[in-house]
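Asks: Below you'll find the structure I mean.
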Amino acid sequence: DSSEDKKKVLDLKVSDSETAIEELEGSIATLTEDIAALNAGIKALDKAVAEATELRKGENADYKELKQSDTAAKEILGMAKNRLSQFYNPKLYKPPPVVEEPTFVQISAHASRRVAPPPPPETFGPYTKKTEGNNGVIAMIDLLIKD
């Protein structure tokens, strides 16, 4: 009797162990699939990050180019405004910086034979008012620089 009881107990333990092993093998398979899915997700995320990085680099290069062209346009508009100020508002005119270039000596031995030029032709007369057009043009340039 006792040996049969021991046998039944041992058979029961073996079957319980086999059931536990099957359950653990099933959970191992499930976990393996989950790990594979997570690895695939990580690879997809890495690919998305690389694409986003390339996109940001391209956008950054475009932005830098835009800023450079904006700066150049503002400088040109500033020079145009300064040139208009030379005519319309001489008080606001800022002369460009003087760049000293090498000077060449010219011999004027042949200049003694020159004849005085004729008098200048008659013109319309002196301008009466030079500030009429500056508000519109200079204001438009200021608006462009501001934008």
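Identifiers in this document derive from the order of the structure tokens: chains are assigned A, B, ..., residues are numbered from 1 separately in each chain, and ligands are numbered from 1 in order of occurrence.
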Would you please extract all helix (DSSP H, G or I) residues from chain A, as assigned by DSSP on the backbone, and give them as a PyMOL selection string?
Replies: chain A and resi 2-88+90-92+109-113+134-146
Asks: Might you pull out every residue within 9 Å of Leu144 of chain A, with only C-alpha atoms counted and same-chain residues fewer than 3 positions away left off, and present them as a PyMOL selection string?
Replies: chain A and resi 74+77+139-141+147
Asks: Can I get the selected residues back with N, CA, C and O atoms, as an mmCIF file, in the first residue's frame?
Replies:
```cif
data_model
loop_
_atom_site.group_PDB
_atom_site.id
_atom_site.type_symbol
_atom_site.label_atom_id
_atom_site.label_comp_id
_atom_site.auth_asym_id
_atom_site.auth_seq_id
_atom_site.Cartn_x
_atom_site.Cartn_y
_atom_site.Cartn_z
ATOM 1 N N LYS A 74 19.022 93.000 -46.732
ATOM 2 C CA LYS A 74 18.922 94.143 -45.823
ATOM 3 C C LYS A 74 20.092 95.100 -46.027
ATOM 4 O O LYS A 74 19.925 96.327 -45.980
ATOM 5 N N LEU A 77 19.404 96.977 -49.251
ATOM 6 C CA LEU A 77 18.353 97.976 -49.030
ATOM 7 C C LEU A 77 18.881 99.150 -48.204
ATOM 8 O O LEU A 77 18.508 100.307 -48.447
ATOM 9 N N ALA A 139 10.243 105.234 -47.041
ATOM 10 C CA ALA A 139 9.338 104.515 -46.134
ATOM 11 C C ALA A 139 9.133 103.081 -46.617
ATOM 12 O O ALA A 139 9.061 102.146 -45.805
ATOM 13 N N MET A 140 9.040 102.886 -47.936
ATOM 14 C CA MET A 140 8.899 101.522 -48.464
ATOM 15 C C MET A 140 10.150 100.707 -48.170
ATOM 16 O O MET A 140 10.060 99.524 -47.805
ATOM 17 N N ILE A 141 11.312 101.300 -48.308
ATOM 18 C CA ILE A 141 12.548 100.576 -48.013
ATOM 19 C C ILE A 141 12.618 100.228 -46.535
ATOM 20 O O ILE A 141 13.015 99.124 -46.160
ATOM 21 N N ASP A 147 10.422 94.003 -42.463
ATOM 22 C CA ASP A 147 9.878 92.661 -42.721
ATOM 23 C C ASP A 147 10.979 91.659 -42.800
ATOM 24 O O ASP A 147 10.919 90.566 -42.410
#
```
Asks: What does the distance between atom CA of Lys57 of chain A and atom CA of Leu45 of chain A come to in Å, to one decimal place?
Replies: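 Between atom CA of Lys57 of chain A and atom CA of Leu45 of chain A the gap is 18.2 Å.
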Asks: Quick one: distance from atom CA of Pro97 of chain A to atom CA of Ser85 of chain A in Å, one decimal?
Replies: 16.3 Å
Asks: Could you tell me how far atom CA of Leu143 of chain A sits from atom CA of Ile76 of chain A, in Å to one decimal place?
Replies: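 For atom CA of Ile76 of chain A relative to atom CA of Leu143 of chain A, the distance reads 13.9 Å.
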Asks: Counting only C-alpha atoms, which residue out of A:Lys6, A:Lys47, A:Arg56, A:Lys146 sits closest to Thr71 of chain A?
Replies: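 Of the candidates, the smallest distance to Thr71 of chain A is held by A:Lys146.
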